[in-house]
Amino acid sequence: MLEDFWYRREEIPSDAAFRNHLNNPLPSESGGCLHEWALAEAVISTMLAVAKEKGAKAVSEAMIKLGRLQNIDTEIFNHALRELAKGTLLEKTEIKLEMEESRFKCRACGHEWKLAPSEVGSDESEAIHFIPDLAHAFIRCPRCRSPDFEITGGRGVWVEYIRIST
Amino acid sequence: MGRIHKDLNVAVPDPRLSIIDERLRRVRRIIIVASGKGGVGKSLVATTISLLLARSGHKVGLLDLDFHGPSCHVILGETNVTPAEERGLIPPVVHGVKFMSLVYYIGARPLPLRGDEASDAFVELLTITRWDQLDYLVVDVPPGIAEEVLDIIRLIKRGEFLIVTTPSILAVKTVARLAQLLQELRVPTLGVVENMHRPDAKTGKNQAGAFKFNFLGRLPFDPELERTLGNPEELLKTRFARSLEGVVKKIVGAR
Ligand SMILES: Nc1ncnc2c1ncn2[C@@H]1O[C@H](COP(=O)(O)OP(=O)(O)O)[C@@H](O)[C@H]1O
Ligand SMILES: [Mg+2]
Ligand SMILES: [Zn+2]
């Protein structure tokens, strides 16, 4: 299945050494601090801004959606959220995380398909993890092989709602 | 009394936008190298300016925003580097310049993005890239006056445009449209650079000086340039780079 729309490693056109790092252990595997933190920072500061704007005294609950394509480590993301929420209005907020599955729709032939989480785990998914739109460099429509598809689900990180008391 | 805010897709904005300003907060100046026209030397000007600034002791970043035809890495030369992942992506230092480009991730593959997708990739890139403290961030912009230019105007309000043209009427006429747009929107603009100047060419009336913006200088057409691509040390010795030094002085002195 995977081979249907992911290039094999051997097929990747190399731009010489600029891709050499892909042969090294990925940062996530070598245990660095991940870009989950960047997204968590963005989410926390946006929720705080909205809470402030609405004059919230407390925020009881927040629902955050994570696009599956973003391949976010929810444990790290959750930890980052908790850390960043400390000392803010969100410290005691019940933060719920929900995944949205990846979905694609081909603009050329209309075919719709999903990408199962188990199919993500390669170098390509590492790139897509940073910038989901890079899917267009790696994925093709399984029916007609067009790169002209729409990512209809599973991209981005967003706040579905926050529950506040004023 | 509790008040329930459900359905806040509208009320809770895109979280990424909140962090872009924060990411650029410690960047003193942002130089946007644009043209509207392709093939006039934007990538070469942007990359060489960043090298010159770095060489004179400034902390410099270079961002290649040309997703369809990234070029700065070719000019800088191949280097076995990759962004470090630490609460985002930290661009590696290449020849003294913190360099960020999608080429780290896509290599030589084509990246066929439609407008909204390019816009999205841009927002994502600004969100996750940690420049930290910089004196100058130089941005190489693709041709056209679509997504990239509009997004820069929307999201990088302090960006100062450096417009590149050639003496050819075919460049000048297109570049004039970008210039008009920038003027209309009151976008900070440093001025115009004329690249590929050839004293022997019969270009008719030179129109590069006709823009209402500052004329920052002329860069010669330099047949030596091509063989220095990928070798910044050699590139900086060319007549092209030496002429660009004058432009860099004006940029530095502009504030
Ligand atoms: N002053 C110059 N003299 C000679 N060749 C140049 C000069 N400026 C740019 N070039 C060449 O022109 C081509 C286009 O330059 P490039 O920087 O890629 O333009 P752009 O980014 O505007 O599309 C490249 O092959 C480059 O080496
Ligand atoms: Mg270019
Ligand atoms: Zn198709």
# chains A, B, ... in the order shown; residues from 1 in each chain; ligands from 1
>>> residues_near_ligand(ligand="ligand 2", cutoff="8 Å", atoms="only C-alpha atoms and all ligand atoms", output="ChimeraX atom specification")
/B:38-39,41-44,66,69-72,140-143
>>> write_last_selection(atoms="C-alpha atoms", output="CSV table (one decimal), in the first residue's frame")
chain,number,residue,atom,x,y,z
B,38,GLY,CA,12.0,36.3,-12.7
B,39,GLY,CA,15.6,35.8,-13.7
B,41,GLY,CA,19.2,38.1,-10.0
B,42,LYS,CA,17.1,38.2,-6.9
B,43,SER,CA,18.5,35.0,-5.5
B,44,LEU,CA,22.1,36.1,-6.2
B,66,ASP,CA,11.1,30.5,-3.6
B,69,GLY,CA,12.7,27.2,-7.6
B,70,PRO,CA,14.8,27.5,-4.5
B,71,SER,CA,18.3,28.7,-5.5
B,72,CYS,CA,20.1,30.1,-2.5
B,140,ASP,CA,14.7,35.8,-1.2
B,141,VAL,CA,11.2,36.1,-2.8
B,142,PRO,CA,10.0,34.3,-5.9
B,143,PRO,CA,8.9,36.3,-8.9
>>> residues_around(residues="Ile72 (chain A)", least_positions_apart="6", cutoff="8 Å", atoms="only C-alpha atoms", output="list in words")
Glu36, Leu66 and His129 of chain A
>>> select_by_dssp(residues="region 42-163 of chain A", states="strand (DSSP E or B)", output="PyMOL selection string")
chain A and resi 58-67+94-100+102-106+112-115+139+149-153+157-163
>>> write_last_selection(atoms="N, CA and C atoms", output="CSV table (one decimal), in the first residue's frame")
chain,number,residue,atom,x,y,z
A,58,ALA,N,-11.9,32.5,34.1
A,58,ALA,CA,-11.3,31.2,34.1
A,58,ALA,C,-11.6,30.5,32.8
A,59,VAL,N,-10.7,29.5,32.5
A,59,VAL,CA,-11.0,28.7,31.3
A,59,VAL,C,-11.0,27.3,31.8
A,60,SER,N,-12.2,26.7,31.7
A,60,SER,CA,-12.4,25.3,32.3
A,60,SER,C,-11.9,24.3,31.4
A,61,GLU,N,-12.1,24.5,30.1
A,61,GLU,CA,-11.9,23.4,29.1
A,61,GLU,C,-11.4,24.0,27.8
A,62,ALA,N,-10.5,23.2,27.1
A,62,ALA,CA,-10.1,23.6,25.8
A,62,ALA,C,-10.0,22.4,24.9
A,63,MET,N,-10.5,22.5,23.7
A,63,MET,CA,-10.4,21.3,22.8
A,63,MET,C,-9.5,21.7,21.7
A,64,ILE,N,-8.4,20.9,21.6
A,64,ILE,CA,-7.4,21.2,20.6
A,64,ILE,C,-7.4,20.0,19.6
A,65,LYS,N,-7.4,20.3,18.3
A,65,LYS,CA,-7.4,19.3,17.3
A,65,LYS,C,-6.0,19.3,16.6
A,66,LEU,N,-5.6,18.1,16.4
A,66,LEU,CA,-4.2,17.8,15.8
A,66,LEU,C,-4.4,17.1,14.5
A,67,GLY,N,-3.9,17.6,13.4
A,67,GLY,CA,-4.0,16.9,12.2
A,67,GLY,C,-3.0,15.8,12.2
A,94,GLU,N,-8.8,22.0,31.7
A,94,GLU,CA,-8.7,20.7,31.2
A,94,GLU,C,-8.5,20.8,29.7
A,95,ILE,N,-7.4,20.3,29.2
A,95,ILE,CA,-7.0,20.5,27.8
A,95,ILE,C,-7.2,19.1,27.1
A,96,LYS,N,-8.1,19.1,26.2
A,96,LYS,CA,-8.4,17.8,25.5
A,96,LYS,C,-7.8,17.9,24.1
A,97,LEU,N,-7.2,16.8,23.7
A,97,LEU,CA,-6.6,16.7,22.4
A,97,LEU,C,-7.3,15.7,21.6
A,98,GLU,N,-7.6,16.0,20.3
A,98,GLU,CA,-8.2,15.1,19.4
A,98,GLU,C,-7.5,15.1,18.1
A,99,MET,N,-7.4,13.9,17.5
A,99,MET,CA,-6.7,13.7,16.2
A,99,MET,C,-7.7,13.9,15.1
A,100,GLU,N,-7.3,14.5,14.0
A,100,GLU,CA,-8.1,14.4,12.8
A,100,GLU,C,-7.3,13.6,11.8
A,102,SER,N,-5.9,12.0,8.3
A,102,SER,CA,-5.4,12.6,7.1
A,102,SER,C,-6.4,12.2,5.9
A,103,ARG,N,-6.8,13.1,5.1
A,103,ARG,CA,-7.6,12.8,4.0
A,103,ARG,C,-7.1,13.7,2.8
A,104,PHE,N,-7.2,13.1,1.6
A,104,PHE,CA,-6.8,13.7,0.4
A,104,PHE,C,-7.9,13.6,-0.6
A,105,LYS,N,-7.9,14.6,-1.5
A,105,LYS,CA,-8.8,14.6,-2.6
A,105,LYS,C,-8.1,15.0,-3.9
A,106,CYS,N,-8.1,14.2,-4.9
A,106,CYS,CA,-7.4,14.5,-6.1
A,106,CYS,C,-8.2,15.5,-6.9
A,112,GLU,N,-10.7,10.2,-3.7
A,112,GLU,CA,-10.5,10.5,-2.3
A,112,GLU,C,-9.8,9.4,-1.6
A,113,TRP,N,-8.8,9.7,-0.8
A,113,TRP,CA,-8.2,8.6,0.0
A,113,TRP,C,-7.7,9.1,1.3
A,114,LYS,N,-7.3,8.1,2.1
A,114,LYS,CA,-6.8,8.4,3.5
A,114,LYS,C,-5.4,7.9,3.6
A,115,LEU,N,-4.7,8.4,4.5
A,115,LEU,CA,-3.4,7.9,4.8
A,115,LEU,C,-3.4,7.4,6.2
A,139,ILE,N,3.8,12.7,-2.1
A,139,ILE,CA,2.6,11.9,-2.2
A,139,ILE,C,2.0,12.1,-3.6
A,149,PHE,N,-3.5,17.5,-5.6
A,149,PHE,CA,-4.6,17.0,-4.7
A,149,PHE,C,-4.7,18.0,-3.6
A,150,GLU,N,-5.9,17.9,-3.0
A,150,GLU,CA,-6.1,18.8,-1.9
A,150,GLU,C,-6.0,18.0,-0.6
A,151,ILE,N,-5.4,18.6,0.4
A,151,ILE,CA,-5.4,18.0,1.7
A,151,ILE,C,-6.6,18.4,2.5
A,152,THR,N,-7.6,17.4,2.5
A,152,THR,CA,-8.9,17.8,3.1
A,152,THR,C,-9.0,17.5,4.5
A,153,GLY,N,-8.1,16.8,5.1
A,153,GLY,CA,-8.1,16.6,6.5
A,153,GLY,C,-6.7,16.2,7.0
A,157,VAL,N,-2.9,22.4,13.4
A,157,VAL,CA,-3.2,22.3,14.8
A,157,VAL,C,-4.1,23.5,15.1
A,158,TRP,N,-5.2,23.2,15.6
A,158,TRP,CA,-6.1,24.4,15.9
A,158,TRP,C,-6.9,24.2,17.2
A,159,VAL,N,-7.5,25.2,17.6
A,159,VAL,CA,-8.3,25.2,18.8
A,159,VAL,C,-9.7,25.2,18.4
A,160,GLU,N,-10.4,24.1,18.7
A,160,GLU,CA,-11.8,23.9,18.3
A,160,GLU,C,-12.7,24.9,19.2
A,161,TYR,N,-12.5,24.9,20.5
A,161,TYR,CA,-13.2,25.8,21.4
A,161,TYR,C,-12.5,25.9,22.7
A,162,ILE,N,-12.8,27.0,23.4
A,162,ILE,CA,-12.4,27.0,24.8
A,162,ILE,C,-13.7,27.4,25.6
A,163,ARG,N,-13.8,26.8,26.8
A,163,ARG,CA,-15.0,27.1,27.6
A,163,ARG,C,-14.5,28.1,28.7
>>> atom_distance(atom1="CA of Ile44 (chain A)", atom2="CA of Lys86 (chain A)")
10.5 Å
>>> residues_near_ligand(ligand="ligand 3", cutoff="8 Å", atoms="only C-alpha atoms and all ligand atoms", output="list in words")
Lys105, Cys106, Arg107, Ala108, Cys109, Gly110, His111, Arg140, Cys141, Pro142, Arg143, Cys144, Arg145, Ser146, Asp148 and Phe149 of chain A
>>> atom_distance(atom1="CA of Thr189 (chain B)", atom2="CA of Glu160 (chain B)")
5.0 Å
>>> residues_around(residues="Val40 (chain B)", least_positions_apart="6", cutoff="9 Å", atoms="only C-alpha atoms", output="short mmCIF file (atom, residue, chain, number, x, y, z; two decimals) with N, CA and C atoms, in the first residue's frame")
data_model
loop_
_atom_site.label_atom_id
_atom_site.label_comp_id
_atom_site.auth_asym_id
_atom_site.auth_seq_id
_atom_site.Cartn_x
_atom_site.Cartn_y
_atom_site.Cartn_z
N VAL B 164 14.76 44.51 -7.20
CA VAL B 164 15.81 44.22 -8.19
C VAL B 164 15.21 44.27 -9.58
N THR B 165 15.91 44.95 -10.48
CA THR B 165 15.49 44.96 -11.88
C THR B 165 16.73 44.80 -12.76
N THR B 166 16.52 44.64 -14.05
CA THR B 166 17.63 44.74 -14.99
C THR B 166 17.34 45.98 -15.83
N ALA B 171 11.98 43.93 -18.05
CA ALA B 171 12.02 43.82 -16.59
C ALA B 171 11.38 45.04 -15.96
N GLU B 194 19.78 48.05 -9.88
CA GLU B 194 19.79 47.62 -11.27
C GLU B 194 20.89 46.58 -11.44
N ASN B 195 20.48 45.37 -11.81
CA ASN B 195 21.44 44.28 -11.96
C ASN B 195 21.70 44.03 -13.45
N MET B 196 22.79 43.34 -13.73
CA MET B 196 23.16 42.96 -15.10
C MET B 196 23.36 44.17 -15.99
#
>>> select_by_dssp(residues="region 23-149 of chain B", states="alpha helix (DSSP H)", output="number ranges by chain")
B: 23-24, 42-55, 72-76, 103-106, 115-128, 147-149
>>> write_last_selection(atoms="C-alpha atoms", output="PDB file, in the first residue's frame")
ATOM      1  CA  ARG B  23       9.698  34.425  16.168  1.00  0.00           C
ATOM      2  CA  LEU B  24      10.877  37.634  14.520  1.00  0.00           C
ATOM      3  CA  LYS B  42      17.081  38.248  -6.862  1.00  0.00           C
ATOM      4  CA  SER B  43      18.545  35.040  -5.458  1.00  0.00           C
ATOM      5  CA  LEU B  44      22.064  36.108  -6.248  1.00  0.00           C
ATOM      6  CA  VAL B  45      21.535  39.571  -4.782  1.00  0.00           C
ATOM      7  CA  ALA B  46      19.831  38.221  -1.646  1.00  0.00           C
ATOM      8  CA  THR B  47      22.474  35.575  -1.015  1.00  0.00           C
ATOM      9  CA  THR B  48      25.413  37.879  -1.709  1.00  0.00           C
ATOM     10  CA  ILE B  49      23.975  40.616   0.501  1.00  0.00           C
ATOM     11  CA  SER B  50      23.642  38.149   3.352  1.00  0.00           C
ATOM     12  CA  LEU B  51      27.232  36.974   2.863  1.00  0.00           C
ATOM     13  CA  LEU B  52      28.518  40.562   2.760  1.00  0.00           C
ATOM     14  CA  LEU B  53      26.587  41.524   5.886  1.00  0.00           C
ATOM     15  CA  ALA B  54      27.845  38.437   7.715  1.00  0.00           C
ATOM     16  CA  ARG B  55      31.387  39.151   6.622  1.00  0.00           C
ATOM     17  CA  CYS B  72      20.125  30.140  -2.495  1.00  0.00           C
ATOM     18  CA  HIS B  73      21.526  26.746  -1.511  1.00  0.00           C
ATOM     19  CA  VAL B  74      23.064  26.377  -4.966  1.00  0.00           C
ATOM     20  CA  ILE B  75      24.809  29.724  -4.578  1.00  0.00           C
ATOM     21  CA  LEU B  76      25.971  28.912  -1.039  1.00  0.00           C
ATOM     22  CA  VAL B 103      15.447  22.270   0.201  1.00  0.00           C
ATOM     23  CA  TYR B 104      16.514  20.564   3.424  1.00  0.00           C
ATOM     24  CA  TYR B 105      13.292  18.597   3.204  1.00  0.00           C
ATOM     25  CA  ILE B 106      12.410  18.292  -0.456  1.00  0.00           C
ATOM     26  CA  GLY B 115      -1.515  29.479  -4.074  1.00  0.00           C
ATOM     27  CA  ASP B 116      -3.218  28.685  -0.776  1.00  0.00           C
ATOM     28  CA  GLU B 117      -0.849  25.823  -0.157  1.00  0.00           C
ATOM     29  CA  ALA B 118       2.196  27.991  -0.785  1.00  0.00           C
ATOM     30  CA  SER B 119       0.726  30.518   1.603  1.00  0.00           C
ATOM     31  CA  ASP B 120       0.194  27.825   4.178  1.00  0.00           C
ATOM     32  CA  ALA B 121       3.717  26.505   3.813  1.00  0.00           C
ATOM     33  CA  PHE B 122       5.008  30.035   4.305  1.00  0.00           C
ATOM     34  CA  VAL B 123       3.027  30.506   7.513  1.00  0.00           C
ATOM     35  CA  GLU B 124       4.173  27.114   8.762  1.00  0.00           C
ATOM     36  CA  LEU B 125       7.804  27.903   7.981  1.00  0.00           C
ATOM     37  CA  LEU B 126       7.646  31.239   9.805  1.00  0.00           C
ATOM     38  CA  THR B 127       5.997  29.546  12.773  1.00  0.00           C
ATOM     39  CA  ILE B 128       8.561  26.837  13.279  1.00  0.00           C
ATOM     40  CA  GLU B 147       1.114  34.802  -2.367  1.00  0.00           C
ATOM     41  CA  GLU B 148       4.654  35.368  -1.244  1.00  0.00           C
ATOM     42  CA  VAL B 149       4.612  39.125  -1.676  1.00  0.00           C
TER      43      VAL B 149
END
>>> atom_distance(atom1="atom 23 (O, counted along the ligand's line) of ligand 1", atom2="CA of Arg16 (chain B)")
29.3 Å
>>> residues_around(residues="Gln180 (chain B)", least_positions_apart="5", cutoff="12 Å", atoms="only C-alpha atoms", output="list in words")
Ser35, Gly36, Ile145, Ile163, Val172, Lys173, Thr174, Val175, Leu185, Arg186, Val187, Thr189, Phe211, Lys212 and Phe213 of chain B
>>> write_last_selection(atoms="C-alpha atoms", output="short mmCIF file (atom, residue, chain, number, x, y, z; two decimals), in the first residue's frame")
data_model
loop_
_atom_site.label_atom_id
_atom_site.label_comp_id
_atom_site.auth_asym_id
_atom_site.auth_seq_id
_atom_site.Cartn_x
_atom_site.Cartn_y
_atom_site.Cartn_z
CA SER B 35 11.24 42.04 -8.15
CA GLY B 36 8.01 40.81 -9.66
CA ILE B 145 3.18 39.64 -6.94
CA ILE B 163 13.63 45.85 -5.53
CA VAL B 172 11.38 47.45 -15.81
CA LYS B 173 7.74 47.34 -16.93
CA THR B 174 6.98 44.39 -14.67
CA VAL B 175 9.03 45.63 -11.77
CA LEU B 185 0.17 49.87 0.30
CA ARG B 186 2.81 52.13 1.87
CA VAL B 187 5.17 49.24 2.40
CA THR B 189 10.95 50.17 0.65
CA PHE B 211 11.11 54.60 -10.11
CA LYS B 212 10.01 56.89 -7.33
CA PHE B 213 12.12 54.90 -4.90
#
>>> closest_residue(among="B:Leu65, B:Lys59, B:Leu181, B:Val97", to="ligand 1", atoms="only C-alpha atoms and all ligand atoms")
B:Leu65
